[in-house]
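A.B. asks: You'll find query32.tsv just under this line, and it carries TSV, C-alpha atoms.
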```tsv
chain	number	residue	atom	x	y	z
A	192	MET	CA	11.30	12.95	-19.92
A	193	LYS	CA	12.37	10.39	-17.31
A	194	LYS	CA	10.95	6.93	-17.72
A	195	SER	CA	9.72	6.98	-14.11
A	196	SER	CA	7.33	9.82	-14.95
A	197	MET	CA	5.16	7.23	-16.73
A	198	LEU	CA	4.51	5.33	-13.50
A	199	LEU	CA	1.13	5.89	-11.89
A	200	SER	CA	0.61	6.78	-8.25
A	201	SER	CA	-2.47	4.57	-7.95
A	202	TYR	CA	-4.94	2.41	-9.85
A	203	THR	CA	-8.01	3.99	-8.24
A	204	SER	CA	-8.67	7.36	-6.63
A	205	ASN	CA	-10.31	6.07	-3.45
A	206	LEU	CA	-9.31	2.48	-2.57
A	207	ILE	CA	-6.46	1.45	-0.27
A	208	GLU	CA	-4.11	-0.34	-2.66
A	209	CYS	CA	-1.25	-2.73	-1.95
A	210	GLY	CA	1.36	-3.36	-4.64
A	211	LEU	CA	2.87	-6.87	-4.65
A	212	ASP	CA	5.91	-8.25	-6.44
A	213	GLU	CA	8.48	-11.00	-5.97
A	214	ALA	CA	12.17	-11.61	-6.58
A	215	GLY	CA	14.10	-14.77	-7.30
A	216	ARG	CA	11.74	-16.84	-9.44
A	217	GLY	CA	14.45	-17.67	-11.97
A	218	CYS	CA	17.14	-18.60	-9.45
A	219	LEU	CA	18.52	-22.08	-8.86
A	220	CYS	CA	18.69	-21.64	-5.11
A	221	GLY	CA	17.48	-19.62	-2.16
A	222	PRO	CA	13.98	-18.52	-1.26
A	223	VAL	CA	11.58	-16.61	-3.45
A	224	VAL	CA	10.87	-13.31	-1.72
A	225	ALA	CA	7.74	-11.18	-2.03
A	226	ALA	CA	7.01	-7.68	-0.79
A	227	GLY	CA	3.80	-5.75	-0.30
A	228	VAL	CA	3.70	-1.94	-0.22
A	229	VAL	CA	0.88	0.47	0.58
A	230	LEU	CA	1.83	3.98	-0.58
A	231	PRO	CA	0.17	7.37	-0.06
A	232	LYS	CA	-2.21	8.21	-2.93
A	233	ASP	CA	-0.11	11.17	-4.06
A	234	PHE	CA	3.22	9.30	-3.96
A	235	LYS	CA	5.63	10.19	-6.75
A	236	HIS	CA	9.33	9.56	-7.28
A	237	GLU	CA	11.91	10.67	-9.80
A	238	ILE	CA	13.78	7.36	-10.28
A	239	LEU	CA	11.64	4.59	-8.77
A	240	ARG	CA	10.78	1.92	-11.31
A	241	ASP	CA	11.23	-1.81	-11.96
A	242	SER	CA	14.11	-2.91	-9.73
A	243	LYS	CA	15.83	-4.69	-12.66
A	244	GLN	CA	16.37	-1.28	-14.31
A	245	LEU	CA	18.10	0.16	-11.24
A	246	SER	CA	21.66	-0.23	-9.98
A	247	ALA	CA	22.29	-2.08	-6.72
A	248	ASN	CA	23.21	1.23	-5.08
A	249	GLU	CA	20.00	2.89	-6.31
A	250	ARG	CA	17.93	-0.04	-5.02
A	251	GLU	CA	19.52	0.13	-1.56
A	252	LYS	CA	18.85	3.87	-1.24
A	253	LEU	CA	15.31	3.49	-2.57
A	254	ALA	CA	14.55	0.62	-0.19
A	255	GLU	CA	15.28	2.86	2.79
A	256	GLU	CA	13.19	5.68	1.32
A	257	ILE	CA	10.26	3.36	0.55
A	258	LYS	CA	10.27	1.97	4.10
A	259	GLU	CA	10.23	5.51	5.44
A	260	LYS	CA	7.52	6.94	3.18
A	261	ALA	CA	5.17	3.96	2.74
A	262	ILE	CA	1.99	3.77	4.81
A	263	GLU	CA	3.01	0.16	5.36
A	264	TRP	CA	5.30	-2.48	3.87
A	265	THR	CA	5.82	-6.20	4.41
A	266	ILE	CA	8.26	-8.83	3.21
A	267	ALA	CA	7.78	-12.61	3.19
A	268	GLU	CA	9.45	-15.70	1.73
A	269	SER	CA	8.78	-19.18	0.44
A	270	THR	CA	11.56	-21.66	1.08
A	271	PRO	CA	13.34	-23.85	-1.49
A	272	THR	CA	11.43	-26.84	-0.05
A	273	GLU	CA	8.11	-25.03	-0.62
A	274	ILE	CA	9.22	-24.12	-4.15
A	275	ASP	CA	9.98	-27.79	-4.85
A	276	THR	CA	6.69	-28.87	-3.27
A	277	TYR	CA	4.26	-26.38	-4.79
A	278	ASN	CA	6.21	-25.17	-7.90
A	279	ILE	CA	7.72	-21.73	-8.32
A	280	LEU	CA	4.53	-19.94	-9.38
A	281	ASN	CA	2.50	-21.20	-6.44
A	282	ALA	CA	5.37	-20.60	-4.02
A	283	SER	CA	5.67	-17.01	-5.29
A	284	ILE	CA	1.94	-16.46	-4.75
A	285	LEU	CA	2.21	-18.07	-1.31
A	286	ALA	CA	4.91	-15.54	-0.38
A	287	MET	CA	2.59	-12.75	-1.58
A	288	HIS	CA	-0.25	-14.14	0.54
A	289	ARG	CA	2.08	-14.08	3.55
A	290	CYS	CA	2.82	-10.41	2.84
A	291	ILE	CA	-0.89	-9.57	2.79
A	292	GLU	CA	-1.44	-11.55	5.99
A	293	LYS	CA	1.23	-9.48	7.78
A	294	LEU	CA	-0.36	-6.12	6.86
A	295	GLN	CA	-1.97	-4.09	9.62
A	296	THR	CA	-3.58	-1.87	6.98
A	297	GLN	CA	-6.50	-3.68	5.33
A	298	PRO	CA	-6.06	-3.33	1.55
A	299	GLU	CA	-9.14	-2.86	-0.61
A	300	LEU	CA	-7.34	-3.66	-3.86
A	301	LEU	CA	-4.22	-5.74	-4.57
A	302	LEU	CA	-2.02	-4.78	-7.52
A	303	ILE	CA	-0.12	-7.87	-8.59
A	304	ASP	CA	2.89	-7.82	-10.89
A	305	GLY	CA	2.39	-10.39	-13.64
A	306	ASN	CA	-0.61	-12.30	-14.96
A	307	ARG	CA	-1.29	-14.96	-12.31
A	308	PHE	CA	-2.58	-14.84	-8.74
A	309	HIS	CA	-4.74	-16.87	-6.35
A	310	PRO	CA	-7.43	-14.87	-4.52
A	311	TYR	CA	-6.74	-14.04	-0.88
A	312	ASN	CA	-9.55	-13.47	1.65
A	313	PHE	CA	-11.90	-12.16	-1.05
A	314	ILE	CA	-9.80	-9.00	-1.53
A	315	PRO	CA	-10.26	-7.67	-5.09
A	316	TYR	CA	-7.09	-7.76	-7.19
A	317	GLU	CA	-5.71	-6.69	-10.54
A	318	CYS	CA	-2.89	-8.53	-12.29
A	319	VAL	CA	-0.73	-6.06	-14.21
A	320	ILE	CA	1.79	-7.38	-16.74
A	321	LYS	CA	5.07	-5.49	-16.24
A	322	GLY	CA	3.30	-3.73	-13.40
A	323	ASP	CA	6.61	-2.88	-11.74
A	324	ASP	CA	7.16	-0.40	-14.56
A	325	LYS	CA	3.61	0.98	-14.47
A	326	PHE	CA	2.65	1.56	-10.84
A	327	PHE	CA	4.77	3.01	-8.05
A	328	ALA	CA	3.38	0.57	-5.45
A	329	ILE	CA	4.42	-2.47	-7.50
A	330	ALA	CA	7.80	-0.90	-8.32
A	331	ALA	CA	8.34	-0.25	-4.62
A	332	ALA	CA	7.49	-3.88	-3.83
A	333	SER	CA	9.91	-4.95	-6.55
A	334	VAL	CA	12.73	-2.97	-4.92
A	335	LEU	CA	12.03	-4.26	-1.40
A	336	ALA	CA	11.80	-7.88	-2.55
A	337	LYS	CA	15.01	-7.63	-4.59
A	338	THR	CA	17.10	-5.89	-1.91
A	339	HIS	CA	15.89	-8.27	0.80
A	340	ARG	CA	16.64	-11.34	-1.29
A	341	ASP	CA	20.07	-10.04	-2.33
A	342	SER	CA	20.90	-9.57	1.34
A	343	ILE	CA	19.89	-13.17	2.08
A	344	MET	CA	22.06	-14.52	-0.76
A	345	LYS	CA	25.08	-12.44	0.28
A	346	ASN	CA	24.81	-13.85	3.80
A	347	LEU	CA	24.47	-17.41	2.49
A	348	ALA	CA	27.51	-16.84	0.25
A	349	GLU	CA	29.66	-16.54	3.37
A	350	GLU	CA	28.66	-20.08	4.33
A	351	PHE	CA	28.89	-21.46	0.77
A	352	PRO	CA	31.60	-19.33	-0.92
A	353	VAL	CA	32.31	-21.63	-3.87
A	354	TYR	CA	29.02	-20.68	-5.57
A	355	PHE	CA	29.69	-16.89	-5.63
A	356	TRP	CA	26.11	-16.11	-4.62
A	357	GLU	CA	27.21	-12.64	-3.52
A	358	LYS	CA	27.66	-11.90	-7.24
A	359	ASN	CA	25.11	-14.11	-9.04
A	360	MET	CA	22.44	-14.07	-6.27
A	361	GLY	CA	21.63	-17.68	-7.10
A	362	TYR	CA	20.81	-17.11	-10.77
A	363	PRO	CA	22.03	-19.73	-13.28
A	364	THR	CA	25.20	-17.97	-14.42
A	365	SER	CA	28.00	-20.02	-15.97
A	366	VAL	CA	30.03	-19.62	-12.75
A	367	HIS	CA	27.15	-20.89	-10.61
A	368	ARG	CA	26.46	-23.81	-12.95
A	369	LYS	CA	30.13	-24.79	-12.96
A	370	ALA	CA	30.25	-24.64	-9.17
A	371	ILE	CA	27.27	-27.00	-8.94
A	372	GLU	CA	28.98	-29.35	-11.37
A	373	ASN	CA	32.20	-29.32	-9.34
A	374	ASN	CA	30.82	-29.20	-5.79
A	375	GLY	CA	27.31	-30.63	-5.95
A	376	ILE	CA	24.27	-28.94	-4.44
A	377	THR	CA	23.41	-27.42	-1.07
A	378	ILE	CA	20.31	-27.45	1.12
A	379	TRP	CA	19.46	-24.10	-0.46
A	380	HIS	CA	19.27	-25.39	-4.03
A	381	ARG	CA	15.89	-26.02	-5.65
A	382	LYS	CA	15.88	-29.72	-6.37
A	383	THR	CA	13.15	-29.63	-9.04
A	384	PHE	CA	14.95	-27.03	-11.18
A	385	ARG	CA	16.86	-27.89	-14.32
A	386	GLY	CA	20.51	-27.29	-13.62
A	387	VAL	CA	20.11	-28.71	-10.11
A	388	LYS	CA	18.07	-31.91	-10.33
A	389	GLU	CA	20.66	-33.48	-12.63
A	390	PHE	CA	23.19	-33.37	-9.75
A	391	ILE	CA	21.06	-34.93	-7.01
```
Would you kindly transcribe this structure into structure tokens?

C.D. replies:
Amino acid sequence: MKKSSMLLSSYTSNLIECGLDEAGRGCLCGPVVAAGVVLPKDFKHEILRDSKQLSANEREKLAEEIKEKAIEWTIAESTPTEIDTYNILNASILAMHRCIEKLQTQPELLLIDGNRFHPYNFIPYECVIKGDDKFFAIAAASVLAKTHRDSIMKNLAEEFPVYFWEKNMGYPTSVHRKAIENNGITIWHRKTFRGVKEFI
């Protein structure tokens, strides 16, 4: 049995649900990106699951499919400055709020990956730990957030090649840490994060 067969098409049988997830919380630089996805109630997929369990190629193909088959999808960001100002949790939730704000479809229930959220416009919500491996809508949001953020980091890598963001996507790999040590930080680095603040 494929692992994806354990994912659920929806949390309720009748409410319009929006799955929300983010990418880039653990990075040293770049924005944190959130996505919101409203899927048809009967949506199913053979391989869709938590984006971290998929290859980059699988994510790219799935992102196109999700955009095509979703009732609606949105993507939003919080900047490194907002991350430093509000902290990474609050900045992640802010990006999710921006996703909800952009929706034309009015959700009746928000499915949030993780265990923390701030209410938005009195819309009911459920926090689901490891939700991106339990519900298709959250998994879809996970894929859209990850592919969008990876694209941002690959573009930024062309401007700042010494950090190899096209490979590490801004995560604190040994190569990225060494590059910060040797070259200092950029405007895209998160100045409150350990591994960055020491070099300000």

A.B. asks: Hey, can you check how far CA of Met344 (chain A) sits from CA of Leu253 (chain A)?

C.D. replies: 19.3 Å

A.B. asks: Could you give me, as CSV, every region 261-320 of chain A residue with an atom at most 8 Å from region 208-232 of chain A, plus its closest atom pair and distance in Å to one decimal, counting only C-alpha atoms, rows ordered by chain then number?

C.D. replies:
```
residue,atom,partner,partner_atom,distance
A:Ala261,CA,A:Leu230,CA,4.7
A:Ile262,CA,A:Leu230,CA,5.4
A:Glu263,CA,A:Val229,CA,5.2
A:Trp264,CA,A:Val228,CA,4.4
A:Thr265,CA,A:Gly227,CA,5.1
A:Ile266,CA,A:Ala226,CA,4.3
A:Ala267,CA,A:Ala225,CA,5.4
A:Glu268,CA,A:Val224,CA,4.4
A:Ser269,CA,A:Val223,CA,5.4
A:Thr270,CA,A:Pro222,CA,4.6
A:Pro271,CA,A:Pro222,CA,5.4
A:Ile274,CA,A:Pro222,CA,7.9
A:Ile279,CA,A:Arg216,CA,6.4
A:Leu280,CA,A:Arg216,CA,7.8
A:Ala282,CA,A:Val223,CA,7.4
A:Ser283,CA,A:Val223,CA,6.2
A:Ala286,CA,A:Ala225,CA,5.5
A:Met287,CA,A:Ala225,CA,5.4
A:Cys290,CA,A:Gly227,CA,5.7
A:Ile291,CA,A:Gly227,CA,6.8
A:Pro298,CA,A:Glu208,CA,5.5
A:Glu299,CA,A:Glu208,CA,6.0
A:Leu300,CA,A:Glu208,CA,4.8
A:Leu301,CA,A:Cys209,CA,5.0
A:Leu302,CA,A:Gly210,CA,4.7
A:Ile303,CA,A:Leu211,CA,5.0
A:Asp304,CA,A:Asp212,CA,5.4
```

A.B. asks: Which is closest to Ser342 (chain A) among A:Pro310, A:Gly375, A:Gly361, A:Pro315, if we use only C-alpha atoms?

C.D. replies: A:Gly361

A.B. asks: Please, what distance in Å, to one decimal, runs between CA of Phe234 (chain A) and CA of Val334 (chain A)?

C.D. replies: 15.6 Å

A.B. asks: Interatomic distance between CA of Ser200 (chain A) and CA of Phe327 (chain A)?

C.D. replies: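 Taking CA of Ser200 (chain A) as the start and CA of Phe327 (chain A) as the end point, the length is 5.6 Å.
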
A.B. asks: Which of these, A:Met197, A:Ile257, A:Ile376, A:Ala370, has the shortest distance to Val353 (chain A) once you count only C-alpha atoms?

C.D. replies: A:Ala370

A.B. asks: Residues around (30.7, -21.6, -2.1), cut-off 12 Å, counting all atoms listed in the file - what are they as a ChimeraX atom specification?

C.D. replies: /A:344-361,366-371,373-377,379

A.B. asks: Considering only C-alpha atoms, return as a compact mmCIF listing (two decimals) with C-alpha atoms, in the coordinates of the input whatever protein or nucleic-acid residues lie within 12 Å of Arg250 (chain A), sequence-local ones (same chain, fewer than 6 positions apart) excluded.

C.D. replies:
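Listing of out_33.txt after writing:
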```
# COMPACT_ATOMS: atom_id res chain seq x y z
CA ILE A 238 13.78 7.36 -10.28
CA LEU A 239 11.64 4.59 -8.77
CA ARG A 240 10.78 1.92 -11.31
CA ASP A 241 11.23 -1.81 -11.96
CA SER A 242 14.11 -2.91 -9.73
CA LYS A 243 15.83 -4.69 -12.66
CA GLN A 244 16.37 -1.28 -14.31
CA GLU A 256 13.19 5.68 1.32
CA ILE A 257 10.26 3.36 0.55
CA ALA A 330 7.80 -0.90 -8.32
CA ALA A 331 8.34 -0.25 -4.62
CA ALA A 332 7.49 -3.88 -3.83
CA SER A 333 9.91 -4.95 -6.55
CA VAL A 334 12.73 -2.97 -4.92
CA LEU A 335 12.03 -4.26 -1.40
CA ALA A 336 11.80 -7.88 -2.55
CA LYS A 337 15.01 -7.63 -4.59
CA THR A 338 17.10 -5.89 -1.91
CA HIS A 339 15.89 -8.27 0.80
CA ARG A 340 16.64 -11.34 -1.29
CA ASP A 341 20.07 -10.04 -2.33
CA SER A 342 20.90 -9.57 1.34
```
